[in-house]
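Asker: I am sharing work-v1.txt, which consists of compact mmCIF, C-alpha atoms and all ligand atoms:
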```
# COMPACT_ATOMS: atom_id res chain seq x y z
CA MET A 1 97.95 49.53 14.74
CA LYS A 2 101.35 50.89 13.71
CA TYR A 3 101.21 53.96 11.49
CA ASN A 4 103.77 54.61 8.77
CA PHE A 5 104.84 58.25 8.91
CA ASP A 6 107.66 57.53 6.48
CA GLU A 7 105.20 57.21 3.61
CA VAL A 8 105.68 59.97 1.02
CA ILE A 9 102.28 60.97 -0.36
CA ASP A 10 101.94 62.96 -3.56
CA ARG A 11 99.77 65.98 -2.77
CA LYS A 12 99.88 67.53 -6.24
CA GLY A 13 96.45 67.87 -7.81
CA THR A 14 94.65 68.07 -4.47
CA HIS A 15 94.58 71.90 -4.48
CA ALA A 16 96.95 71.81 -1.52
CA VAL A 17 98.06 75.35 -0.62
CA LYS A 18 101.34 74.00 0.75
CA VAL A 19 102.53 72.47 -2.52
CA GLU A 20 100.52 74.33 -5.15
CA ARG A 21 100.68 77.90 -3.92
CA LEU A 22 104.23 78.43 -2.77
CA PRO A 23 105.38 81.58 -0.98
CA LYS A 24 106.17 84.54 -3.23
CA GLY A 25 109.55 84.13 -4.89
CA ALA A 26 109.87 80.37 -4.31
CA ASP A 27 110.72 78.24 -7.33
CA LYS A 28 108.16 75.73 -8.59
CA ASP A 29 110.44 72.79 -7.83
CA SER A 30 110.99 73.87 -4.22
CA LEU A 31 110.58 71.48 -1.37
CA ALA A 32 107.48 72.82 0.40
CA LEU A 33 107.85 72.89 4.17
CA TRP A 34 106.05 76.08 4.98
CA VAL A 35 102.33 76.45 5.83
CA ALA A 36 101.27 74.48 8.91
CA ASP A 37 99.66 71.30 7.72
CA MET A 38 101.19 67.85 7.68
CA ASP A 39 102.31 65.61 4.85
CA PHE A 40 101.14 62.55 6.80
CA ALA A 41 98.06 60.46 6.05
CA CYS A 42 95.20 61.00 8.47
CA ALA A 43 94.51 58.45 11.18
CA GLU A 44 92.78 55.32 9.93
CA PRO A 45 89.63 55.81 12.10
CA ILE A 46 89.15 59.25 10.55
CA LEU A 47 89.49 57.90 7.02
CA LYS A 48 87.10 55.06 7.83
CA ALA A 49 84.50 57.42 9.32
CA LEU A 50 84.74 59.69 6.26
CA HIS A 51 84.33 56.74 3.86
CA GLU A 52 81.28 55.61 5.79
CA ARG A 53 79.86 59.10 5.81
CA ILE A 54 80.37 59.43 2.05
CA ASP A 55 78.47 56.19 1.63
CA ARG A 56 75.48 57.93 3.22
CA LYS A 57 75.43 59.93 -0.03
CA ILE A 58 73.91 63.22 1.17
CA PHE A 59 75.89 66.20 2.48
CA GLY A 60 73.28 68.65 3.64
CA TYR A 61 73.37 71.35 6.33
CA THR A 62 75.07 69.97 9.40
CA MET A 63 74.86 70.71 13.13
CA TYR A 64 77.87 71.49 15.26
CA ASP A 65 75.78 71.38 18.41
CA ALA A 66 74.73 67.76 17.95
CA ASP A 67 75.32 65.69 21.11
CA GLU A 68 77.91 63.45 19.49
CA CYS A 69 80.00 66.42 18.42
CA MET A 70 79.76 68.33 21.70
CA ASP A 71 80.62 65.18 23.65
CA ALA A 72 83.60 64.48 21.39
CA VAL A 73 85.04 67.96 21.96
CA THR A 74 84.44 68.15 25.71
CA GLY A 75 85.45 64.50 26.13
CA TRP A 76 88.84 65.18 24.52
CA MET A 77 89.45 68.24 26.70
CA LYS A 78 88.63 66.29 29.83
CA LYS A 79 90.53 63.13 28.95
CA ARG A 80 93.71 64.81 27.73
CA TYR A 81 93.90 67.79 30.08
CA GLY A 82 91.42 67.35 32.90
CA TRP A 83 89.67 70.41 31.44
CA GLU A 84 85.98 70.28 32.37
CA GLU A 85 84.17 72.34 29.77
CA SER A 86 80.47 72.78 29.49
CA ARG A 87 78.89 72.34 26.08
CA GLU A 88 76.93 75.59 26.49
CA ASN A 89 80.25 77.41 26.22
CA LEU A 90 81.28 75.83 22.90
CA PHE A 91 80.82 77.67 19.65
CA PHE A 92 81.60 76.65 16.12
CA CYS A 93 83.78 78.53 13.66
CA PRO A 94 85.24 77.33 10.35
CA GLY A 95 88.70 78.39 11.53
CA VAL A 96 90.64 79.92 14.38
CA VAL A 97 91.82 82.88 12.32
CA ALA A 98 88.22 83.63 11.35
CA ALA A 99 87.27 83.39 15.03
CA TYR A 100 90.09 85.75 15.99
CA ALA A 101 88.93 88.29 13.40
CA ALA A 102 85.34 88.04 14.65
CA LEU A 103 86.42 88.30 18.28
CA ILE A 104 88.50 91.43 17.87
CA ASN A 105 85.47 93.02 16.21
CA LEU A 106 83.32 92.03 19.17
CA LEU A 107 85.75 92.94 21.93
CA THR A 108 87.31 96.14 20.62
CA GLU A 109 86.63 99.29 18.63
CA PRO A 110 88.56 100.47 15.57
CA GLY A 111 91.81 102.07 16.74
CA ASP A 112 92.07 99.91 19.88
CA GLY A 113 95.29 98.06 20.59
CA ILE A 114 95.66 94.27 20.44
CA VAL A 115 98.74 93.10 22.32
CA LEU A 116 100.77 90.37 20.60
CA GLN A 117 103.92 88.56 21.65
CA ARG A 118 106.24 88.66 18.66
CA PRO A 119 107.72 86.91 16.84
CA ILE A 120 104.24 85.56 16.32
CA TYR A 121 101.97 83.78 13.84
CA TYR A 122 101.53 86.58 11.30
CA PRO A 123 97.69 86.53 10.84
CA PHE A 124 97.33 87.95 14.36
CA THR A 125 99.04 91.09 13.08
CA ASN A 126 97.47 91.09 9.63
CA LYS A 127 93.90 90.61 10.83
CA ALA A 128 94.30 93.30 13.47
CA ASN A 129 95.47 95.67 10.73
CA SER A 130 92.81 94.70 8.24
CA ASN A 131 90.12 95.24 10.87
CA GLY A 132 91.41 98.69 11.76
CA ARG A 133 92.91 97.63 15.11
CA ILE A 134 96.46 98.39 16.20
CA PRO A 135 98.82 95.48 16.79
CA VAL A 136 100.96 96.30 19.82
CA ASP A 137 104.15 94.34 20.40
CA ASN A 138 105.01 92.80 23.76
CA ALA A 139 108.05 91.15 22.23
CA LEU A 140 109.27 87.93 23.78
CA ILE A 141 112.73 88.04 25.32
CA TYR A 142 115.22 85.92 23.36
CA GLU A 143 118.20 85.11 25.51
CA ASN A 144 120.71 82.27 25.38
CA GLY A 145 118.77 80.73 22.51
CA ALA A 146 115.46 80.54 24.40
CA TYR A 147 112.29 82.62 24.64
CA ARG A 148 110.41 83.95 27.63
CA ILE A 149 107.70 86.53 28.30
CA ASP A 150 108.70 90.10 29.15
CA PHE A 151 106.28 90.51 32.05
CA GLU A 152 107.44 94.00 32.93
CA ASP A 153 106.67 95.19 29.42
CA LEU A 154 103.42 93.20 29.38
CA ASP A 155 102.31 95.05 32.50
CA LYS A 156 103.02 98.38 30.81
CA LYS A 157 101.21 97.39 27.62
CA MET A 158 98.12 96.11 29.45
CA ALA A 159 98.05 99.19 31.71
CA ASP A 160 97.58 101.36 28.63
CA PRO A 161 93.82 102.08 28.32
CA ALA A 162 94.12 101.94 24.51
CA ASN A 163 95.05 98.24 24.62
CA LYS A 164 92.01 96.05 25.13
CA VAL A 165 93.03 92.47 24.36
CA LEU A 166 96.03 90.21 24.83
CA VAL A 167 96.55 87.35 22.40
CA VAL A 168 98.14 84.36 24.10
CA CYS A 169 99.43 81.82 21.61
CA SER A 170 99.69 78.65 23.67
CA PRO A 171 101.73 76.74 22.55
CA HIS A 172 103.45 79.62 20.87
CA ASN A 173 103.96 79.66 17.10
CA PRO A 174 106.71 80.01 15.87
CA THR A 175 108.93 79.76 18.97
CA GLY A 176 107.48 76.43 20.12
CA ARG A 177 107.21 77.57 23.73
CA VAL A 178 104.66 75.73 25.84
CA TRP A 179 103.83 78.20 28.59
CA THR A 180 104.18 76.86 32.10
CA GLU A 181 101.42 77.07 34.66
CA ASP A 182 103.37 79.82 36.37
CA GLU A 183 103.79 81.86 33.18
CA LEU A 184 100.09 81.51 32.40
CA LYS A 185 99.12 82.55 35.93
CA LYS A 186 101.33 85.63 35.78
CA THR A 187 99.90 86.54 32.38
CA VAL A 188 96.33 86.23 33.65
CA GLU A 189 97.17 88.20 36.80
CA ILE A 190 98.33 91.15 34.70
CA CYS A 191 95.24 91.09 32.48
CA LYS A 192 93.04 90.80 35.55
CA LYS A 193 94.74 93.78 37.20
CA TYR A 194 93.70 95.97 34.26
CA ASP A 195 90.46 94.18 33.42
CA LYS A 196 91.56 93.17 29.90
CA TRP A 197 90.39 90.38 27.63
CA ILE A 198 92.50 87.38 26.67
CA ILE A 199 92.13 85.50 23.40
CA CYS A 200 94.03 82.27 23.93
CA ASP A 201 94.84 80.29 20.78
CA GLU A 202 95.45 76.68 21.84
CA ILE A 203 95.34 75.19 18.36
CA HIS A 204 98.74 73.47 18.81
CA CYS A 205 97.95 72.14 22.30
CA ASP A 206 98.00 68.44 21.43
CA LEU A 207 101.37 68.58 19.64
CA ILE A 208 103.70 68.55 22.61
CA ARG A 209 107.14 66.98 22.99
CA ARG A 210 107.60 64.02 25.32
CA GLY A 211 108.30 65.20 28.84
CA VAL A 212 106.56 68.56 28.36
CA THR A 213 103.14 69.29 29.86
CA PHE A 214 100.54 71.50 28.25
CA THR A 215 98.32 73.46 30.62
CA PRO A 216 95.01 74.83 29.29
CA ILE A 217 94.58 78.45 30.35
CA MET A 218 91.07 77.66 31.63
CA ASN A 219 92.58 75.26 34.19
CA VAL A 220 94.81 77.90 35.73
CA ALA A 221 92.40 80.81 35.65
CA PRO A 222 88.85 79.60 36.35
CA GLU A 223 88.14 82.80 38.28
CA TYR A 224 88.94 84.90 35.19
CA ALA A 225 87.23 82.62 32.65
CA ASP A 226 84.64 85.30 31.97
CA HIS A 227 87.35 87.41 30.31
CA ILE A 228 89.00 84.62 28.34
CA VAL A 229 88.12 83.12 24.97
CA VAL A 230 89.92 79.92 24.00
CA CYS A 231 90.27 78.57 20.47
CA THR A 232 91.02 74.92 19.83
CA ALA A 233 90.63 72.69 16.79
CA PRO A 234 91.36 69.23 15.48
CA SER A 235 92.96 70.80 12.41
CA LYS A 236 96.63 70.92 13.47
CA THR A 237 96.50 67.84 15.68
CA PHE A 238 94.89 65.52 13.16
CA ASN A 239 95.81 67.21 9.87
CA LEU A 240 92.28 68.36 9.09
CA ALA A 241 92.85 72.04 8.23
CA GLY A 242 90.87 71.72 4.98
CA MET A 243 87.89 70.39 6.93
CA LYS A 244 87.30 73.89 8.30
CA THR A 245 86.24 73.27 11.83
CA SER A 246 87.32 74.77 15.15
CA ASN A 247 86.02 75.10 18.70
CA ILE A 248 85.60 78.47 20.34
CA VAL A 249 85.13 78.46 24.10
CA ILE A 250 83.30 81.48 25.49
CA HIS A 251 82.15 81.67 29.11
CA ASN A 252 80.98 85.26 29.25
CA LYS A 253 77.20 85.27 28.69
CA GLU A 254 77.16 88.73 27.16
CA LEU A 255 79.89 87.79 24.71
CA GLN A 256 78.07 84.54 23.91
CA LYS A 257 75.06 86.57 22.90
CA LYS A 258 77.19 88.94 20.83
CA TRP A 259 78.88 85.98 19.13
CA LYS A 260 75.48 84.47 18.26
CA ASP A 261 74.19 87.77 16.91
CA TYR A 262 77.31 88.62 14.92
CA VAL A 263 78.94 85.35 13.83
CA ASN A 264 75.84 83.18 13.52
CA GLY A 265 73.47 86.03 12.71
CA SER A 266 75.12 88.84 10.77
CA LEU A 267 77.86 86.76 9.15
CA SER A 268 75.94 83.47 8.91
CA MET A 269 79.14 81.65 9.71
CA ASP A 270 77.57 78.91 11.83
CA GLY A 271 77.18 76.22 9.19
CA ALA A 272 79.46 73.30 9.94
CA SER A 273 80.93 71.17 7.18
CA ALA A 274 79.34 67.73 6.99
CA LEU A 275 82.64 65.94 6.44
CA GLY A 276 84.37 68.24 8.90
CA MET A 277 82.03 67.18 11.68
CA THR A 278 82.49 63.51 10.86
CA ALA A 279 86.26 63.89 10.82
CA MET A 280 86.30 65.85 14.06
CA ILE A 281 84.19 63.33 15.95
CA ALA A 282 86.33 60.42 14.75
CA ALA A 283 89.53 62.33 15.56
CA TYR A 284 88.57 63.18 19.12
CA THR A 285 87.07 59.81 19.91
CA GLU A 286 89.37 57.41 18.05
CA GLY A 287 92.47 59.35 17.03
CA GLU A 288 94.54 59.12 20.20
CA GLU A 289 96.65 56.13 19.22
CA TRP A 290 97.70 57.82 15.98
CA LEU A 291 98.51 61.05 17.82
CA GLU A 292 100.77 59.30 20.31
CA GLN A 293 102.73 57.69 17.47
CA LEU A 294 102.87 60.99 15.59
CA LYS A 295 104.37 62.70 18.64
CA ASP A 296 107.21 60.18 18.73
CA TYR A 297 107.86 60.67 15.04
CA LEU A 298 107.93 64.46 15.37
CA ASP A 299 110.32 64.21 18.32
CA GLY A 300 112.56 62.18 16.03
CA ASN A 301 112.42 64.81 13.29
CA PHE A 302 113.35 67.59 15.72
CA ALA A 303 116.23 65.50 17.10
CA TYR A 304 117.43 64.81 13.56
CA ILE A 305 117.49 68.54 12.67
CA ASP A 306 119.21 69.44 15.91
CA GLU A 307 121.99 66.91 15.36
CA TYR A 308 122.31 67.86 11.70
CA LEU A 309 122.75 71.54 12.49
CA LYS A 310 125.28 70.85 15.22
CA LYS A 311 127.29 68.72 12.80
CA TYR A 312 127.10 70.69 9.55
CA LEU A 313 125.87 74.21 10.34
CA PRO A 314 127.23 74.79 13.84
CA LYS A 315 126.47 78.50 13.90
CA ALA A 316 122.75 77.78 13.43
CA HIS A 317 120.53 77.26 16.45
CA LEU A 318 117.32 75.23 16.61
CA VAL A 319 115.21 76.85 19.32
CA LYS A 320 113.94 74.09 21.60
CA ALA A 321 110.43 73.34 20.41
CA GLU A 322 108.44 72.22 23.45
CA GLY A 323 105.36 72.05 21.25
CA THR A 324 104.08 72.44 17.66
CA TYR A 325 105.62 70.79 14.61
CA LEU A 326 107.44 73.96 13.62
CA ALA A 327 111.20 74.22 13.86
CA TRP A 328 112.33 77.79 14.54
CA ILE A 329 115.93 78.10 13.47
CA ASP A 330 118.19 81.04 14.20
CA LEU A 331 120.61 81.51 11.30
CA ASN A 332 121.93 84.89 12.36
CA GLY A 333 125.30 83.31 13.05
CA TYR A 334 125.55 83.19 9.23
CA VAL A 335 123.43 86.07 7.95
CA ASP A 336 123.48 88.61 10.79
CA ARG A 337 119.82 89.71 10.40
CA ASP A 338 120.13 90.07 6.64
CA GLU A 339 116.72 88.51 5.94
CA LYS A 340 116.82 89.23 2.21
CA LYS A 341 120.12 87.39 1.82
CA LEU A 342 118.69 84.46 3.79
CA GLU A 343 115.48 84.39 1.77
CA GLU A 344 117.41 84.43 -1.50
CA LEU A 345 119.64 81.64 -0.26
CA MET A 346 116.70 79.45 0.74
CA GLN A 347 114.53 80.15 -2.28
CA LYS A 348 117.03 80.42 -5.10
CA LYS A 349 119.99 78.28 -3.99
CA ALA A 350 118.59 75.66 -1.62
CA LYS A 351 115.19 75.62 -3.32
CA VAL A 352 113.27 75.09 -0.13
CA ALA A 353 109.98 76.91 0.47
CA LEU A 354 109.96 77.77 4.18
CA ASP A 355 108.37 80.52 6.23
CA GLU A 356 110.84 83.39 6.42
CA GLY A 357 111.37 84.55 9.98
CA TYR A 358 110.72 88.23 9.30
CA ILE A 359 107.06 87.60 8.44
CA PHE A 360 106.51 86.84 12.14
CA GLY A 361 107.73 90.35 13.01
CA ASP A 362 111.04 92.13 13.10
CA GLU A 363 112.19 89.85 15.90
CA GLY A 364 112.21 86.98 13.40
CA ARG A 365 114.81 88.45 11.07
CA GLY A 366 117.49 85.89 10.23
CA PHE A 367 115.29 82.97 11.32
CA GLU A 368 113.57 80.29 9.24
CA ARG A 369 110.50 78.29 10.24
CA ILE A 370 110.55 74.76 8.93
CA ASN A 371 107.41 72.67 9.12
CA VAL A 372 108.80 69.31 10.23
CA ALA A 373 105.54 67.37 9.87
CA SER A 374 106.89 65.49 6.90
CA PRO A 375 108.45 62.08 6.33
CA ARG A 376 112.02 61.86 7.59
CA SER A 377 113.34 61.45 4.05
CA VAL A 378 111.85 64.85 3.11
CA ILE A 379 113.37 66.49 6.18
CA GLU A 380 116.73 64.94 5.26
CA GLU A 381 116.44 66.31 1.73
CA CYS A 382 115.58 69.76 3.08
CA MET A 383 118.55 69.84 5.42
CA ASN A 384 120.91 68.57 2.69
CA ARG A 385 119.68 71.27 0.31
CA ILE A 386 120.26 73.97 2.93
CA ARG A 387 123.71 72.65 3.82
CA THR A 388 124.76 72.48 0.16
CA ALA A 389 123.57 76.04 -0.45
CA PHE A 390 125.48 77.34 2.57
CA GLU A 391 128.59 75.44 1.48
CA GLU A 392 128.38 76.71 -2.09
CA GLU A 393 128.06 80.26 -0.80
CA LYS A 394 131.13 79.58 1.33
CA LEU A 395 129.24 80.39 4.51
CA VAL A 396 130.52 77.21 6.16
C1 LIG A 401 98.70 79.60 16.16
C2 LIG A 401 97.81 79.31 14.99
N1 LIG A 401 96.52 79.70 15.03
C3 LIG A 401 95.68 79.47 13.99
C4 LIG A 401 96.11 78.82 12.86
C5 LIG A 401 95.17 78.61 11.72
O1 LIG A 401 93.97 78.14 12.16
P1 LIG A 401 92.73 77.98 11.16
O2 LIG A 401 93.20 77.22 9.99
O3 LIG A 401 91.75 77.26 12.00
O4 LIG A 401 92.29 79.37 10.82
C6 LIG A 401 97.44 78.39 12.79
C7 LIG A 401 97.92 77.73 11.58
O5 LIG A 401 99.08 77.61 11.33
C8 LIG A 401 98.30 78.64 13.87
O6 LIG A 401 99.57 78.24 13.86
```
I'd like the structure from this file rewritten - as structure tokens, please.
Ligand SMILES: Cc1ncc(COP(=O)(O)O)c(C=O)c1O
Answerer:
Amino acid sequence: MKYNFDEVIDRKGTHAVKVERLPKGADKDSLALWVADMDFACAEPILKALHERIDRKIFGYTMYDADECMDAVTGWMKKRYGWEESRENLFFCPGVVAAYAALINLLTEPGDGIVLQRPIYYPFTNKANSNGRIPVDNALIYENGAYRIDFEDLDKKMADPANKVLVVCSPHNPTGRVWTEDELKKTVEICKKYDKWIICDEIHCDLIRRGVTFTPIMNVAPEYADHIVVCTAPSKTFNLAGMKTSNIVIHNKELQKKWKDYVNGSLSMDGASALGMTAMIAAYTEGEEWLEQLKDYLDGNFAYIDEYLKKYLPKAHLVKAEGTYLAWIDLNGYVDRDEKKLEELMQKKAKVALDEGYIFGDEGRGFERINVASPRSVIEECMNRIRTAFEEEKLV
């Protein structure tokens, strides 16, 4: 079946955060290309499974650890990545951010440091702060328009006894880096040297450009698996964020027990959503064809933006996104780290609601993150609005 990603679907009235709760300061008539969900219809097999499930008429308490669900998750990991995961190590959580918050509570004490690689997905910082932990920056090196890990600094940060956990965002949001096997091995080596935990967020792992290979951290570091927790989900891959389901992989038996006591016990957060489970099973067992077509479409959107910037805004730079559907654009050639000027320009002149770079940390000043998981016509409109605003301000 050929999917139509050009279809523009009206999301108003569906309580969609992306279109109905715009970032602070954005005008109501802004084009919304911020929060990370897609404007594409879900894969047909998922819709069909949901319709059939609705026809069963009852939506009672639902099991995550049902065979069909466990097999769907482990089957996907094995088929796509050769990642052999045992179902005993899989735990349910309504979301990866919720899992991260729970995990830092289980793995650290108030006042402990959580090492993050900024610019980074802002909830890692916010949730560390709101749980009384200290976010510690192992900033990525940005050189010649590309990002890499500062391993020397990482070694220093992990050597510090106050820092207990490293967050690996793999693929990395917002820079789009897909860490190589070598980078992952070096990262694990450093954590192993100092006996530190790794929380590896692989939520974007299926959204990879053609020609790029994603490596699950568990495949490169089986000997350190006891100190690694991996978070995956069908939410980004299959546009199911509102279904509230994610997969948390924990090998360490002691941590498994703590998770059960705290997350399932104290917080009672183990109840899966009935429709979420149905959607997840259909996604992982029948969604591959849709995903492959989606990847081609996203590659096309990135190529379109790259060409557009080169032609009309030549001092802008689209950082090469090896993964994710998030375009990370460096506009410092025009605004020279003046993030307020850039925000004003985007919100008030261009009327596009994007994620401002500075929210990902100081390193993101003068950048914009555009969610490119939208029909090409919407991306074209966004780029035209930005270009017109820059021209009217006589920046180009
Ligand atoms: C790296 C990363 N982790 C987690 C999330 C959110 O996950 P969830 O909705 O499962 O909390 C996002 C969403 O944008 C993300 O980019």
Asker: Report as a PyMOL selection string all protein, DNA and RNA residues lying within 12 Å of A:Asp137, evaluated on only C-alpha atoms, omitting residues in the same chain fewer than 2 positions from it.
Answerer: chain A and resi 113-120+124-125+134-135+139-141+149-150+153-154+156-158+163+165-167+360-363
Asker: Which residues, written as a ChimeraX atom specification, have at least one atom at most 6 Å from A:Cys69, with all atoms listed in the file counted and residues fewer than 3 positions away on the same chain left out?
Answerer: /A:66,72,281
Asker: Write out as a compact mmCIF listing (two decimals) with C-alpha atoms, in the frame of the given file each polymer residue whose atoms come within 6 Å of A:Ala350, counting all atoms listed in the file; drop sequence neighbours fewer than 4 positions from it.
Answerer:
```
# COMPACT_ATOMS: atom_id res chain seq x y z
CA MET A 346 116.70 79.45 0.74
CA ARG A 385 119.68 71.27 0.31
CA ILE A 386 120.26 73.97 2.93
CA ALA A 389 123.57 76.04 -0.45
```
Asker: Can I get the residues of chain A within 9 Å of ligand LIG 401 (chain A), each with the closest pair of atoms and their distance in Å to one decimal, using only C-alpha atoms and all ligand atoms, sorted chain first then ascending number, as JSON lines?
Answerer:
```
{"residue": "A:Val35", "atom": "CA", "partner": "A:LIG401", "partner_atom": "O5", "distance": 6.5}
{"residue": "A:Ala36", "atom": "CA", "partner": "A:LIG401", "partner_atom": "O5", "distance": 4.5}
{"residue": "A:Asp37", "atom": "CA", "partner": "A:LIG401", "partner_atom": "O5", "distance": 7.3}
{"residue": "A:Cys93", "atom": "CA", "partner": "A:LIG401", "partner_atom": "O3", "distance": 8.2}
{"residue": "A:Pro94", "atom": "CA", "partner": "A:LIG401", "partner_atom": "O3", "distance": 6.7}
{"residue": "A:Gly95", "atom": "CA", "partner": "A:LIG401", "partner_atom": "O3", "distance": 3.3}
{"residue": "A:Val96", "atom": "CA", "partner": "A:LIG401", "partner_atom": "O3", "distance": 3.7}
{"residue": "A:Val97", "atom": "CA", "partner": "A:LIG401", "partner_atom": "O4", "distance": 3.8}
{"residue": "A:Ala98", "atom": "CA", "partner": "A:LIG401", "partner_atom": "O4", "distance": 5.9}
{"residue": "A:Ala99", "atom": "CA", "partner": "A:LIG401", "partner_atom": "O4", "distance": 7.7}
{"residue": "A:Tyr100", "atom": "CA", "partner": "A:LIG401", "partner_atom": "O4", "distance": 8.5}
{"residue": "A:Ile120", "atom": "CA", "partner": "A:LIG401", "partner_atom": "C1", "distance": 8.1}
{"residue": "A:Tyr121", "atom": "CA", "partner": "A:LIG401", "partner_atom": "C1", "distance": 5.8}
{"residue": "A:Tyr122", "atom": "CA", "partner": "A:LIG401", "partner_atom": "O6", "distance": 8.9}
{"residue": "A:Pro123", "atom": "CA", "partner": "A:LIG401", "partner_atom": "C3", "distance": 8.0}
{"residue": "A:Phe124", "atom": "CA", "partner": "A:LIG401", "partner_atom": "N1", "distance": 8.3}
{"residue": "A:Cys169", "atom": "CA", "partner": "A:LIG401", "partner_atom": "C1", "distance": 5.9}
{"residue": "A:Ser170", "atom": "CA", "partner": "A:LIG401", "partner_atom": "C1", "distance": 7.6}
{"residue": "A:Pro171", "atom": "CA", "partner": "A:LIG401", "partner_atom": "C1", "distance": 7.6}
{"residue": "A:His172", "atom": "CA", "partner": "A:LIG401", "partner_atom": "C1", "distance": 6.7}
{"residue": "A:Asn173", "atom": "CA", "partner": "A:LIG401", "partner_atom": "C1", "distance": 5.3}
{"residue": "A:Pro174", "atom": "CA", "partner": "A:LIG401", "partner_atom": "O6", "distance": 7.6}
{"residue": "A:Asp201", "atom": "CA", "partner": "A:LIG401", "partner_atom": "N1", "distance": 6.0}
{"residue": "A:Glu202", "atom": "CA", "partner": "A:LIG401", "partner_atom": "C1", "distance": 7.2}
{"residue": "A:Ile203", "atom": "CA", "partner": "A:LIG401", "partner_atom": "N1", "distance": 5.7}
{"residue": "A:His204", "atom": "CA", "partner": "A:LIG401", "partner_atom": "C1", "distance": 6.7}
{"residue": "A:Cys231", "atom": "CA", "partner": "A:LIG401", "partner_atom": "N1", "distance": 8.4}
{"residue": "A:Thr232", "atom": "CA", "partner": "A:LIG401", "partner_atom": "O3", "distance": 8.2}
{"residue": "A:Ala233", "atom": "CA", "partner": "A:LIG401", "partner_atom": "O3", "distance": 6.7}
{"residue": "A:Pro234", "atom": "CA", "partner": "A:LIG401", "partner_atom": "O3", "distance": 8.8}
{"residue": "A:Ser235", "atom": "CA", "partner": "A:LIG401", "partner_atom": "O3", "distance": 6.6}
{"residue": "A:Lys236", "atom": "CA", "partner": "A:LIG401", "partner_atom": "C7", "distance": 7.2}
{"residue": "A:Leu240", "atom": "CA", "partner": "A:LIG401", "partner_atom": "O2", "distance": 9.0}
{"residue": "A:Ala241", "atom": "CA", "partner": "A:LIG401", "partner_atom": "O2", "distance": 5.5}
{"residue": "A:Gly242", "atom": "CA", "partner": "A:LIG401", "partner_atom": "O2", "distance": 7.8}
{"residue": "A:Lys244", "atom": "CA", "partner": "A:LIG401", "partner_atom": "O3", "distance": 6.7}
{"residue": "A:Thr245", "atom": "CA", "partner": "A:LIG401", "partner_atom": "O3", "distance": 6.8}
{"residue": "A:Ser246", "atom": "CA", "partner": "A:LIG401", "partner_atom": "O3", "distance": 6.0}
{"residue": "A:Thr324", "atom": "CA", "partner": "A:LIG401", "partner_atom": "O6", "distance": 8.3}
{"residue": "A:Leu326", "atom": "CA", "partner": "A:LIG401", "partner_atom": "O6", "distance": 9.0}
```
Asker: Give me a file of those residues, with C-alpha atoms, as a compact mmCIF listing (two decimals), in the coordinates of the input.
Answerer:
```txt
# COMPACT_ATOMS: atom_id res chain seq x y z
CA VAL A 35 102.33 76.45 5.83
CA ALA A 36 101.27 74.48 8.91
CA ASP A 37 99.66 71.30 7.72
CA CYS A 93 83.78 78.53 13.66
CA PRO A 94 85.24 77.33 10.35
CA GLY A 95 88.70 78.39 11.53
CA VAL A 96 90.64 79.92 14.38
CA VAL A 97 91.82 82.88 12.32
CA ALA A 98 88.22 83.63 11.35
CA ALA A 99 87.27 83.39 15.03
CA TYR A 100 90.09 85.75 15.99
CA ILE A 120 104.24 85.56 16.32
CA TYR A 121 101.97 83.78 13.84
CA TYR A 122 101.53 86.58 11.30
CA PRO A 123 97.69 86.53 10.84
CA PHE A 124 97.33 87.95 14.36
CA CYS A 169 99.43 81.82 21.61
CA SER A 170 99.69 78.65 23.67
CA PRO A 171 101.73 76.74 22.55
CA HIS A 172 103.45 79.62 20.87
CA ASN A 173 103.96 79.66 17.10
CA PRO A 174 106.71 80.01 15.87
CA ASP A 201 94.84 80.29 20.78
CA GLU A 202 95.45 76.68 21.84
CA ILE A 203 95.34 75.19 18.36
CA HIS A 204 98.74 73.47 18.81
CA CYS A 231 90.27 78.57 20.47
CA THR A 232 91.02 74.92 19.83
CA ALA A 233 90.63 72.69 16.79
CA PRO A 234 91.36 69.23 15.48
CA SER A 235 92.96 70.80 12.41
CA LYS A 236 96.63 70.92 13.47
CA LEU A 240 92.28 68.36 9.09
CA ALA A 241 92.85 72.04 8.23
CA GLY A 242 90.87 71.72 4.98
CA LYS A 244 87.30 73.89 8.30
CA THR A 245 86.24 73.27 11.83
CA SER A 246 87.32 74.77 15.15
CA THR A 324 104.08 72.44 17.66
CA LEU A 326 107.44 73.96 13.62
```
Asker: Could you give me, as a list in words, the residues within 12 Å of A:Phe214, counting all atoms listed in the file and dropping anything in the same chain fewer than 6 positions from it?
Answerer: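 Final neighbour list, sorted by chain and number: Met77, Arg80, Tyr81, Gly82, Trp83, Ser170, Pro171, His172, Gly176, Arg177, Val178, Trp179, Thr180, Glu181, Asp182, Glu183, Leu184, Glu202, Ile203, His204, Cys205, Asp206, Leu207, Ile208, Val220, Glu322, Gly323 and Thr324 of chain A.
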Asker: Pick out the closest residue to A:Pro110 from this set: A:His251, A:Lys48, A:Arg133, A:Lys257. Count all atoms listed in the file.
Answerer: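 Counting all atoms listed in the file, the residue closest to A:Pro110 is A:Arg133.
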Asker: Would you mind telling me which residue in A:Thr187, A:Ile248, A:Lys164, A:Lys12 lies nearest to A:Tyr224 when using only C-alpha atoms?
Answerer: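 Nearest to A:Tyr224: A:Thr187.
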Asker: Could you check how far atom CA of A:Ser268 sits from atom CA of A:Val230, in Å to one decimal?
Answerer: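 Atom-to-atom, atom CA of A:Ser268 and atom CA of A:Val230 are spaced 20.9 Å apart.
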